[in-house]
Amino acid sequence: MEMDLRLAVAILWMIAIFAGSSIPGKDLGFITTPDYILHAGEYAVLGGLLGWWCFFNIGRASHADKPLFPWACLALSVAIGSAYGALDELHQGFVSGRCQDPRDWVSDTIGCLAGAFLVLFYIYWLRKNNGETNTSGP
């Protein structure tokens, strides 16, 4: 079965998030950026990647006849990203010097929503301004 490049990039980013979450707390002393900013940023990228994948794979079949904003793709991208954020927080509870924090999960979810919305809105805007009604993707 052939894996879509967009999905592969999203999965690679999820692996990178998992790897970063596996670093013990004592080794993170050099980071001075507030934790919630880091969480929102890394999950904004994930949300954008998931939105990009969803729009051109799932959205293509359901919205091929008219250029609707793909609300279902936005919801799916955020649901997947938020669930992954919850699992990541659970994982951090098993890493030395790290802890599970529901506020981090909220930041993950907000970041995912922002990233997915921006990418999907940008795709929608490009297609609308180019007069395209087909979502077959680049």
# chains A, B, ... in the order shown; residues from 1 in each chain; ligands from 1
>>> residues_around(residues="Tyr122 (chain A)", least_positions_apart="2", cutoff="12 Å", atoms="only C-alpha atoms", output="ChimeraX atom specification")
/A:48,51-52,55,69-70,115-120,124-129
>>> write_last_selection(atoms="C-alpha atoms", output="PDB file, in the first residue's frame")
ATOM      1  CA  GLY A  48      -0.929  22.251   9.605  1.00  0.00           C
ATOM      2  CA  GLY A  51      -4.771  19.631   7.626  1.00  0.00           C
ATOM      3  CA  TRP A  52      -2.623  19.535   4.478  1.00  0.00           C
ATOM      4  CA  PHE A  55      -7.603  18.300   2.602  1.00  0.00           C
ATOM      5  CA  PHE A  69     -14.078  25.381   3.444  1.00  0.00           C
ATOM      6  CA  PRO A  70     -13.283  21.852   4.621  1.00  0.00           C
ATOM      7  CA  GLY A 115      -1.995  25.425  12.449  1.00  0.00           C
ATOM      8  CA  ALA A 116      -4.730  23.422  10.761  1.00  0.00           C
ATOM      9  CA  PHE A 117      -6.941  26.481  10.358  1.00  0.00           C
ATOM     10  CA  LEU A 118      -4.164  28.581   8.821  1.00  0.00           C
ATOM     11  CA  VAL A 119      -3.126  25.915   6.327  1.00  0.00           C
ATOM     12  CA  LEU A 120      -6.677  25.003   5.352  1.00  0.00           C
ATOM     13  CA  TYR A 124      -9.158  27.513   0.406  1.00  0.00           C
ATOM     14  CA  TRP A 125      -8.166  31.125  -0.262  1.00  0.00           C
ATOM     15  CA  LEU A 126      -5.770  30.138  -3.051  1.00  0.00           C
ATOM     16  CA  ARG A 127      -8.346  27.942  -4.751  1.00  0.00           C
ATOM     17  CA  LYS A 128     -11.110  30.528  -4.451  1.00  0.00           C
ATOM     18  CA  ASN A 129      -8.918  33.320  -5.835  1.00  0.00           C
TER      19      ASN A 129
END
>>> select_by_dssp(residues="chain A", states="alpha helix (DSSP H)", output="VMD selection string")
chain A and resid 5 to 21 35 to 62 71 to 92 102 to 129
>>> closest_atom_pairs(of="region 22-60 of chain A", to="region 90-102 of chain A", cutoff="10 Å", atoms="only C-alpha atoms", output="JSON lines")
{"residue": "A:Ser22", "atom": "CA", "partner": "A:Val95", "partner_atom": "CA", "distance": 6.2}
{"residue": "A:Ile23", "atom": "CA", "partner": "A:Val95", "partner_atom": "CA", "distance": 7.3}
{"residue": "A:Pro24", "atom": "CA", "partner": "A:Ser96", "partner_atom": "CA", "distance": 5.1}
{"residue": "A:Gly25", "atom": "CA", "partner": "A:Gly97", "partner_atom": "CA", "distance": 4.1}
{"residue": "A:Lys26", "atom": "CA", "partner": "A:Gly97", "partner_atom": "CA", "distance": 6.2}
{"residue": "A:Asp27", "atom": "CA", "partner": "A:Gly97", "partner_atom": "CA", "distance": 8.9}
{"residue": "A:Leu28", "atom": "CA", "partner": "A:Gly97", "partner_atom": "CA", "distance": 9.4}
>>> write_last_selection(atoms="C-alpha atoms", output="CSV table (one decimal), in the first residue's frame")
chain,number,residue,atom,x,y,z
A,22,SER,CA,11.7,11.6,25.7
A,23,ILE,CA,14.5,13.9,26.7
A,24,PRO,CA,14.8,13.9,30.5
A,25,GLY,CA,13.9,17.1,32.3
A,26,LYS,CA,17.5,17.7,33.6
A,27,ASP,CA,18.7,17.9,30.0
A,28,LEU,CA,16.3,20.7,29.1
>>> residues_around(residues="Tyr36 (chain A)", least_positions_apart="6", cutoff="8 Å", atoms="only C-alpha atoms", output="list in words")
Arg103, Asp104 and Ser107 of chain A
>>> write_last_selection(atoms="N, CA and C atoms", output="compact mmCIF listing (two decimals), in the first residue's frame")
# COMPACT_ATOMS: atom_id res chain seq x y z
N ARG A 103 -2.44 21.53 31.17
CA ARG A 103 -2.30 22.82 30.49
C ARG A 103 -1.45 22.68 29.22
N ASP A 104 -0.47 21.79 29.25
CA ASP A 104 0.31 21.53 28.05
C ASP A 104 -0.57 20.92 26.96
N SER A 107 -2.52 23.62 25.39
CA SER A 107 -1.66 24.35 24.45
C SER A 107 -1.46 23.56 23.16
>>> closest_residue(among="A:Ala79, A:Leu49, A:Ala86, A:Ala72", to="Arg6 (chain A)", atoms="only C-alpha atoms")
A:Leu49
>>> residues_around(residues="Ile15 (chain A)", least_positions_apart="6", cutoff="12 Å", atoms="only C-alpha atoms", output="mmCIF file with N, CA and C atoms, in the first residue's frame")
data_model
loop_
_atom_site.group_PDB
_atom_site.id
_atom_site.type_symbol
_atom_site.label_atom_id
_atom_site.label_comp_id
_atom_site.auth_asym_id
_atom_site.auth_seq_id
_atom_site.Cartn_x
_atom_site.Cartn_y
_atom_site.Cartn_z
ATOM 1 N N ALA A 8 3.159 10.905 5.480
ATOM 2 C CA ALA A 8 4.491 10.519 5.946
ATOM 3 C C ALA A 8 5.182 11.679 6.663
ATOM 4 N N VAL A 9 5.041 12.889 6.137
ATOM 5 C CA VAL A 9 5.655 14.057 6.776
ATOM 6 C C VAL A 9 5.004 14.314 8.140
ATOM 7 N N SER A 21 9.929 14.688 23.573
ATOM 8 C CA SER A 21 9.286 14.407 24.861
ATOM 9 C C SER A 21 10.027 13.339 25.658
ATOM 10 N N SER A 22 10.906 12.619 25.013
ATOM 11 C CA SER A 22 11.665 11.565 25.677
ATOM 12 C C SER A 22 12.940 12.079 26.339
ATOM 13 N N GLU A 42 4.940 23.595 18.330
ATOM 14 C CA GLU A 42 5.176 22.286 17.716
ATOM 15 C C GLU A 42 3.867 21.639 17.254
ATOM 16 N N LEU A 46 2.151 20.431 13.537
ATOM 17 C CA LEU A 46 1.440 19.163 13.369
ATOM 18 C C LEU A 46 0.034 19.389 12.810
ATOM 19 N N TYR A 84 -3.133 12.982 19.978
ATOM 20 C CA TYR A 84 -1.702 12.713 20.046
ATOM 21 C C TYR A 84 -1.054 13.524 21.176
ATOM 22 N N ASP A 88 1.010 12.109 24.257
ATOM 23 C CA ASP A 88 2.352 12.646 24.525
ATOM 24 C C ASP A 88 2.479 13.068 25.990
#
>>> closest_residue(among="A:Ile17, A:Cys73, A:Leu12, A:Ala83", to="Gly41 (chain A)", atoms="only C-alpha atoms")
A:Ile17
>>> atom_distance(atom1="CA of Leu50 (chain A)", atom2="CA of Leu113 (chain A)")
10.4 Å
>>> atom_distance(atom1="CA of Asn57 (chain A)", atom2="CA of Leu5 (chain A)")
10.9 Å
>>> atom_distance(atom1="CA of Ile11 (chain A)", atom2="CA of Ile80 (chain A)")
11.4 Å
>>> closest_residue(among="A:Ala75, A:Cys54, A:Asp4, A:Gly47", to="Ala114 (chain A)", atoms="only C-alpha atoms")
A:Gly47
>>> closest_residue(among="A:Phe121, A:Tyr43, A:Trp71, A:Phe56", to="Met14 (chain A)", atoms="only C-alpha atoms")
A:Tyr43
